[in-house]
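Report on the following structure.
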Amino acid sequence: MEKKVRSLNSIKVSHEKKTASCITEKMSVPETVCISMAQHIGAPCKPLVAKGDSVKVGQIIGDTDAFVSAPIHSSVSGTVKEISSIRSITGGEDQVIIIETDGRQDLWQRIKPPVINDQKDFVKAIRASGLVGLGGASFPTHIKFNPKNLDQVDTLIVNGAECEPFITSDHRLMLEDTEYIIKGILATMKNLDLKRVYIGVEENKPDAISKLKEAIGNSGHSQDIEVKVLNSRYPQGAERVMIYEITGKPLNAGVLPADLGILLSNITTIAFIGQYLETGRPLTAKRITVDGNAVAEPKNIIVPIGTRIFDVVKACGGYKAEPRKILMGGPMMGRAVYSDAFPIVKNNNAILIFDGPQALIPEETGCIKCGMCIKACPFGLLPVSLAEAYERKDIERLKRLQVTECMECGSCSYICPARRPLSFMHKMAKGLLKEVASNNG
């Protein structure tokens, strides 16, 4: 199996892919769902329903006229119980629609496959589906697929690396929904007039690689679509890293892939396109990995969007220990949530729940100047120097050291023997630069 030689710095993490062989299950509909109006980068949606309204699966219940946005659909059939707000992960407030389900899962009568005649129809249909980046970024896909320089874009990179520990939902998708991946790729190629497609998959997924190559061969597009086997290193799945590893083109912070003639999309996003164009059913459910030493039955499971975490855990046998930390996403770049009442949103790919040592933050000690953080950084930054500059609030030094190039992958924090939260300090440093720039007008 040929693989591309790694070019950028990276780290080896314990992958913990215990659910890789777990065939995806479908969760029963919970009694209620809590659907957030803020499920994408950009302006949140406004509710289009009111308390007491009956809704069906796939019905539009939230939208906005803002440019960077995507509509939100009901994942269940039932009755709107209330419209309220919850505290977001970042500390603000998100408006939510709480729906009491009827268990029937009746489909909205307007659901039908879209009619696609050209690129404009394709982009319009993608927006109508509610699709956002499903690998974690949650950027509205219809905007990504409509760059100003589309005539200069000829390559699609499909990201199937899934380099975060524990998460296997994309792996299962590649094995179970291979046909939709190919259909999504072919539709995207046709409607955006793309000439070449690369599917990046890490070498620790040989079954998925084999399945994808077989499906590509059967499609008759072996000359246009290629599986690129990548090293199982972190952060292989990061946008900037994957583009460089596959094409050799550096993507600096602030530069869009389209500027390099490339569109990059998560493999789950592409598979959804294939499914949506066939069925017309918008984004209402998500395949996620549920794992961690506090979960009784770790598994991959398809859940209605808006399902609360405690209902997801119930479908996975409940807790086998008291949860000490709950993450949405992976342990490297995922976010901790304050309660298991928090709902699943579109870009969730995992819920990880830990008890004991895995939930504890190690005690920080003094930097020993070992340089391991520098060797770990994919872009050759100086994490320890950046942290020192942030602690001194040295704005000019932060600029010289190019803190804005940090993508907060967490490699430096993971590898640091002193357990310093370097990546977090870089995040705070970038916030400091924005604050200073704003105050200076």
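Residue names in the structure tokens use chain letters A, B, ... in the order shown, residue numbers from 1 in each chain, and ligand numbers from 1 in the order shown.
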Proximity of segment 344-425 of chain A to segment 281-289 of chain A: per-residue shortest pair, 9 Å limit, only C-alpha atoms, as a tab-separated table:
residue	atom	partner	partner_atom	distance
A:Ile344	CA	A:Lys286	CA	8.5
A:Val345	CA	A:Lys286	CA	8.3
A:Lys346	CA	A:Lys286	CA	6.8
A:Asn347	CA	A:Lys286	CA	8.2
A:Asn348	CA	A:Ile288	CA	6.8
A:Asn349	CA	A:Ile288	CA	4.6
A:Ala350	CA	A:Thr289	CA	4.5
A:Ile351	CA	A:Thr289	CA	6.3
A:Leu352	CA	A:Thr289	CA	7.9
For all heavy atoms, I'd like the residues from the last selection saved as a PDB file, in the first residue's frame.
ATOM      1  N   ILE A 344     -27.010  17.661  20.837  1.00  0.00           N
ATOM      2  CA  ILE A 344     -26.183  17.365  19.671  1.00  0.00           C
ATOM      3  C   ILE A 344     -26.464  18.399  18.585  1.00  0.00           C
ATOM      4  O   ILE A 344     -27.617  18.738  18.321  1.00  0.00           O
ATOM      5  CB  ILE A 344     -26.492  15.955  19.141  1.00  0.00           C
ATOM      6  CG1 ILE A 344     -26.235  14.893  20.218  1.00  0.00           C
ATOM      7  CG2 ILE A 344     -25.681  15.657  17.882  1.00  0.00           C
ATOM      8  CD1 ILE A 344     -24.819  14.837  20.706  1.00  0.00           C
ATOM      9  N   VAL A 345     -25.401  18.898  17.958  1.00  0.00           N
ATOM     10  CA  VAL A 345     -25.556  19.841  16.856  1.00  0.00           C
ATOM     11  C   VAL A 345     -24.964  19.227  15.585  1.00  0.00           C
ATOM     12  O   VAL A 345     -24.377  18.143  15.610  1.00  0.00           O
ATOM     13  CB  VAL A 345     -24.879  21.198  17.172  1.00  0.00           C
ATOM     14  CG1 VAL A 345     -25.629  21.908  18.293  1.00  0.00           C
ATOM     15  CG2 VAL A 345     -23.410  21.019  17.550  1.00  0.00           C
ATOM     16  N   LYS A 346     -25.121  19.935  14.471  1.00  0.00           N
ATOM     17  CA  LYS A 346     -24.790  19.368  13.163  1.00  0.00           C
ATOM     18  C   LYS A 346     -23.355  18.863  13.054  1.00  0.00           C
ATOM     19  O   LYS A 346     -23.097  17.813  12.449  1.00  0.00           O
ATOM     20  CB  LYS A 346     -25.040  20.405  12.070  1.00  0.00           C
ATOM     21  CG  LYS A 346     -26.494  20.787  11.861  1.00  0.00           C
ATOM     22  CD  LYS A 346     -26.617  21.860  10.783  1.00  0.00           C
ATOM     23  CE  LYS A 346     -28.051  22.278  10.553  1.00  0.00           C
ATOM     24  NZ  LYS A 346     -28.172  23.320   9.498  1.00  0.00           N
ATOM     25  N   ASN A 347     -22.413  19.636  13.579  1.00  0.00           N
ATOM     26  CA  ASN A 347     -21.010  19.290  13.336  1.00  0.00           C
ATOM     27  C   ASN A 347     -20.415  18.373  14.393  1.00  0.00           C
ATOM     28  O   ASN A 347     -19.214  18.119  14.378  1.00  0.00           O
ATOM     29  CB  ASN A 347     -20.161  20.558  13.229  1.00  0.00           C
ATOM     30  CG  ASN A 347     -20.119  21.342  14.525  1.00  0.00           C
ATOM     31  OD1 ASN A 347     -21.094  21.372  15.257  1.00  0.00           O
ATOM     32  ND2 ASN A 347     -19.000  21.990  14.802  1.00  0.00           N
ATOM     33  N   ASN A 348     -21.250  17.839  15.298  1.00  0.00           N
ATOM     34  CA  ASN A 348     -20.752  16.852  16.264  1.00  0.00           C
ATOM     35  C   ASN A 348     -20.328  15.580  15.549  1.00  0.00           C
ATOM     36  O   ASN A 348     -21.063  15.051  14.716  1.00  0.00           O
ATOM     37  CB  ASN A 348     -21.840  16.470  17.267  1.00  0.00           C
ATOM     38  CG  ASN A 348     -21.996  17.447  18.406  1.00  0.00           C
ATOM     39  OD1 ASN A 348     -23.018  17.468  19.060  1.00  0.00           O
ATOM     40  ND2 ASN A 348     -20.998  18.274  18.642  1.00  0.00           N
ATOM     41  N   ASN A 349     -19.149  15.072  15.862  1.00  0.00           N
ATOM     42  CA  ASN A 349     -18.756  13.760  15.352  1.00  0.00           C
ATOM     43  C   ASN A 349     -18.478  12.779  16.482  1.00  0.00           C
ATOM     44  O   ASN A 349     -18.262  11.598  16.236  1.00  0.00           O
ATOM     45  CB  ASN A 349     -17.547  13.851  14.415  1.00  0.00           C
ATOM     46  CG  ASN A 349     -16.383  14.610  15.039  1.00  0.00           C
ATOM     47  OD1 ASN A 349     -16.387  14.900  16.242  1.00  0.00           O
ATOM     48  ND2 ASN A 349     -15.394  14.932  14.230  1.00  0.00           N
ATOM     49  N   ALA A 350     -18.494  13.280  17.734  1.00  0.00           N
ATOM     50  CA  ALA A 350     -18.248  12.387  18.867  1.00  0.00           C
ATOM     51  C   ALA A 350     -18.710  13.028  20.166  1.00  0.00           C
ATOM     52  O   ALA A 350     -18.718  14.262  20.309  1.00  0.00           O
ATOM     53  CB  ALA A 350     -16.759  12.048  18.963  1.00  0.00           C
ATOM     54  N   ILE A 351     -19.080  12.173  21.092  1.00  0.00           N
ATOM     55  CA  ILE A 351     -19.271  12.544  22.496  1.00  0.00           C
ATOM     56  C   ILE A 351     -18.365  11.620  23.296  1.00  0.00           C
ATOM     57  O   ILE A 351     -18.510  10.397  23.252  1.00  0.00           O
ATOM     58  CB  ILE A 351     -20.738  12.367  22.955  1.00  0.00           C
ATOM     59  CG1 ILE A 351     -21.666  13.312  22.186  1.00  0.00           C
ATOM     60  CG2 ILE A 351     -20.853  12.596  24.458  1.00  0.00           C
ATOM     61  CD1 ILE A 351     -21.438  14.784  22.464  1.00  0.00           C
ATOM     62  N   LEU A 352     -17.409  12.201  24.006  1.00  0.00           N
ATOM     63  CA  LEU A 352     -16.473  11.436  24.822  1.00  0.00           C
ATOM     64  C   LEU A 352     -16.691  11.801  26.280  1.00  0.00           C
ATOM     65  O   LEU A 352     -16.726  12.985  26.634  1.00  0.00           O
ATOM     66  CB  LEU A 352     -15.032  11.737  24.409  1.00  0.00           C
ATOM     67  CG  LEU A 352     -14.694  11.539  22.930  1.00  0.00           C
ATOM     68  CD1 LEU A 352     -13.231  11.872  22.672  1.00  0.00           C
ATOM     69  CD2 LEU A 352     -15.009  10.112  22.476  1.00  0.00           C
TER      70      LEU A 352
END
Using the chain letters and numbers from this document, which residues of segment 223-407 of chain A does DSSP assign to alpha helix (DSSP H), as a PDB file with C-alpha atoms, in the first residue's frame?
ATOM      1  CA  GLU A 239      -7.181  21.444   6.490  1.00  0.00           C
ATOM      2  CA  ARG A 240      -3.833  23.168   6.046  1.00  0.00           C
ATOM      3  CA  VAL A 241      -1.876  19.995   6.781  1.00  0.00           C
ATOM      4  CA  MET A 242      -3.881  17.770   4.449  1.00  0.00           C
ATOM      5  CA  ILE A 243      -3.652  20.206   1.541  1.00  0.00           C
ATOM      6  CA  TYR A 244       0.118  20.360   1.913  1.00  0.00           C
ATOM      7  CA  GLU A 245       0.559  16.621   2.353  1.00  0.00           C
ATOM      8  CA  ILE A 246      -1.478  15.819  -0.757  1.00  0.00           C
ATOM      9  CA  THR A 247      -0.579  18.665  -3.117  1.00  0.00           C
ATOM     10  CA  ILE A 267     -15.947  12.912   3.856  1.00  0.00           C
ATOM     11  CA  THR A 268     -19.198  12.948   5.858  1.00  0.00           C
ATOM     12  CA  THR A 269     -20.150  16.232   4.198  1.00  0.00           C
ATOM     13  CA  ILE A 270     -19.568  14.723   0.743  1.00  0.00           C
ATOM     14  CA  ALA A 271     -21.540  11.579   1.610  1.00  0.00           C
ATOM     15  CA  PHE A 272     -24.460  13.683   2.798  1.00  0.00           C
ATOM     16  CA  ILE A 273     -24.527  15.470  -0.564  1.00  0.00           C
ATOM     17  CA  GLY A 274     -24.840  12.120  -2.316  1.00  0.00           C
ATOM     18  CA  GLN A 275     -27.671  11.097  -0.019  1.00  0.00           C
ATOM     19  CA  TYR A 276     -29.496  14.433  -0.171  1.00  0.00           C
ATOM     20  CA  LEU A 277     -29.513  14.635  -3.962  1.00  0.00           C
ATOM     21  CA  GLU A 278     -31.084  11.159  -4.037  1.00  0.00           C
ATOM     22  CA  THR A 279     -33.656  11.537  -1.250  1.00  0.00           C
ATOM     23  CA  ILE A 309     -26.326  14.041  25.583  1.00  0.00           C
ATOM     24  CA  PHE A 310     -27.992  12.195  28.478  1.00  0.00           C
ATOM     25  CA  ASP A 311     -30.414  10.561  26.016  1.00  0.00           C
ATOM     26  CA  VAL A 312     -27.503   9.561  23.770  1.00  0.00           C
ATOM     27  CA  VAL A 313     -25.719   8.018  26.755  1.00  0.00           C
ATOM     28  CA  LYS A 314     -28.926   6.189  27.730  1.00  0.00           C
ATOM     29  CA  ALA A 315     -28.930   4.625  24.253  1.00  0.00           C
ATOM     30  CA  MET A 372       9.722  19.242  22.023  1.00  0.00           C
ATOM     31  CA  CYS A 373       6.887  21.685  21.360  1.00  0.00           C
ATOM     32  CA  ILE A 374       8.860  23.242  18.509  1.00  0.00           C
ATOM     33  CA  LYS A 375       9.506  19.847  16.925  1.00  0.00           C
ATOM     34  CA  ALA A 376       5.788  19.039  17.186  1.00  0.00           C
ATOM     35  CA  PRO A 383       5.185  27.589  21.031  1.00  0.00           C
ATOM     36  CA  VAL A 384       7.193  28.213  24.197  1.00  0.00           C
ATOM     37  CA  SER A 385       8.315  31.647  22.969  1.00  0.00           C
ATOM     38  CA  LEU A 386       4.759  32.507  21.965  1.00  0.00           C
ATOM     39  CA  ALA A 387       3.531  31.545  25.435  1.00  0.00           C
ATOM     40  CA  GLU A 388       6.189  33.707  27.079  1.00  0.00           C
ATOM     41  CA  ALA A 389       5.297  36.646  24.833  1.00  0.00           C
ATOM     42  CA  TYR A 390       1.625  36.232  25.735  1.00  0.00           C
ATOM     43  CA  GLU A 391       2.371  36.128  29.460  1.00  0.00           C
ATOM     44  CA  ILE A 395       2.149  42.449  21.229  1.00  0.00           C
ATOM     45  CA  GLU A 396       5.010  43.140  18.846  1.00  0.00           C
ATOM     46  CA  ARG A 397       6.775  39.877  19.696  1.00  0.00           C
ATOM     47  CA  LEU A 398       3.556  37.920  19.203  1.00  0.00           C
ATOM     48  CA  LYS A 399       3.301  39.441  15.742  1.00  0.00           C
ATOM     49  CA  ARG A 400       6.936  38.709  14.903  1.00  0.00           C
TER      50      ARG A 400
END
Could you tell me which of A:Met407, A:Val96, A:Ala253, A:Val436 comes closest to Ser423 of chain A if we count only C-alpha atoms?
A:Met407
Exercise: segment 31-38 of chain A partners within 9 Å, only C-alpha atoms, chain neighbours under 3 positions left out, as a PDB file with C-alpha atoms, in the first residue's frame:
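Result saved to around_0.pdb:
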ATOM      1  CA  ILE A  41     -20.264  29.761  11.768  1.00  0.00           C
ATOM      2  CA  GLY A  42     -22.030  33.048  11.091  1.00  0.00           C
ATOM      3  CA  ALA A  43     -25.344  34.574  12.121  1.00  0.00           C
ATOM      4  CA  PRO A  44     -27.682  32.321  14.124  1.00  0.00           C
ATOM      5  CA  CYS A  45     -31.058  31.442  12.668  1.00  0.00           C
ATOM      6  CA  LYS A  46     -34.368  32.865  13.830  1.00  0.00           C
ATOM      7  CA  PRO A  47     -37.198  30.495  14.770  1.00  0.00           C
ATOM      8  CA  ILE A  61     -37.840  25.605  11.706  1.00  0.00           C
ATOM      9  CA  GLY A  62     -35.066  28.228  11.612  1.00  0.00           C
ATOM     10  CA  ASP A  63     -33.424  30.473   9.027  1.00  0.00           C
ATOM     11  CA  PRO A  71     -31.297  26.792   7.575  1.00  0.00           C
ATOM     12  CA  ILE A  72     -32.181  24.436  10.406  1.00  0.00           C
ATOM     13  CA  HIS A  73     -34.705  21.630  10.105  1.00  0.00           C
ATOM     14  CA  SER A  74     -36.691  19.613  12.596  1.00  0.00           C
ATOM     15  CA  SER A  75     -35.147  16.214  13.272  1.00  0.00           C
ATOM     16  CA  VAL A  76     -38.408  14.810  14.635  1.00  0.00           C
ATOM     17  CA  GLY A  78     -44.093  16.386  17.166  1.00  0.00           C
ATOM     18  CA  LYS A  81     -43.061  22.697  23.498  1.00  0.00           C
ATOM     19  CA  SER A  85     -32.279  29.738  25.437  1.00  0.00           C
ATOM     20  CA  ILE A  86     -29.372  27.776  26.863  1.00  0.00           C
ATOM     21  CA  ASP A  94     -28.081  30.087  22.156  1.00  0.00           C
ATOM     22  CA  GLN A  95     -31.757  30.212  21.281  1.00  0.00           C
ATOM     23  CA  VAL A  96     -33.279  26.719  21.134  1.00  0.00           C
ATOM     24  CA  ILE A  97     -36.522  25.132  19.992  1.00  0.00           C
ATOM     25  CA  ILE A  98     -37.688  22.316  22.255  1.00  0.00           C
ATOM     26  CA  ILE A  99     -39.919  19.774  20.517  1.00  0.00           C
ATOM     27  CA  GLU A 100     -41.985  17.068  22.199  1.00  0.00           C
ATOM     28  CA  THR A 101     -41.838  14.103  19.867  1.00  0.00           C
ATOM     29  CA  ASP A 102     -44.779  11.931  18.804  1.00  0.00           C
ATOM     30  CA  GLY A 103     -42.641   8.902  17.880  1.00  0.00           C
ATOM     31  CA  PRO A 304     -31.524  13.004  15.711  1.00  0.00           C
ATOM     32  CA  ILE A 305     -29.929  16.451  15.828  1.00  0.00           C
ATOM     33  CA  GLY A 306     -31.024  18.155  19.042  1.00  0.00           C
ATOM     34  CA  THR A 307     -30.906  14.958  21.113  1.00  0.00           C
ATOM     35  CA  ARG A 308     -29.533  15.752  24.555  1.00  0.00           C
ATOM     36  CA  PHE A 342     -26.447  19.949  26.091  1.00  0.00           C
ATOM     37  CA  PRO A 343     -27.871  18.972  22.667  1.00  0.00           C
ATOM     38  CA  ILE A 344     -26.183  17.365  19.671  1.00  0.00           C
ATOM     39  CA  VAL A 345     -25.556  19.841  16.856  1.00  0.00           C
TER      40      VAL A 345
END
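Proximity ranking of A:Ile209, A:Leu192, A:Ala429, A:Ile111 relative to Gln152 of chain A places A:Leu192 first, based on only C-alpha atoms.
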Can you list, as a PyMOL selection string, every residue of segment 79-323 of chain A that DSSP puts in strand (DSSP E or B)?
chain A and resi 79-87+93-101+107+132+140+155-159+196-202+225-230+234+262-266+285-291+295+299-304+308+319
Neighbouring residues of segment 145-147 of chain A were defined as those with any atom within 12 Å, considering only C-alpha atoms; residues of the same chain fewer than 5 positions away were excluded. Please report them as JSON, numbers by chain.
{"A": [119, 120, 121, 122, 123, 124, 125, 126, 127, 131, 132, 133, 139, 140, 152, 153, 154, 155, 156, 188, 189, 191, 192, 193, 194, 256, 257, 258, 259, 260, 261, 262, 263, 264, 265, 269, 270, 273]}
Rounded to one decimal place, report the atom CA of His426 of chain A-atom CA of Ile157 of chain A distance in Å.
28.2 Å
Selected residue, from A:Ala128, A:Val229, A:Ala294, A:Val197, that lies nearest to Pro113 of chain A when counting only C-alpha atoms
A:Ala128
In Å and to one decimal, atom CA of Ile182 of chain A is distant from atom CA of Asn231 of chain A by 23.1 Å
Long-range neighbours of Ile11 of chain A as a PyMOL selection string, 12 Å cut-off, only C-alpha atoms, 3 positions minimum in chain
chain A and resi 6+8+14-15+163-164+231-236+332+372-378+409-416
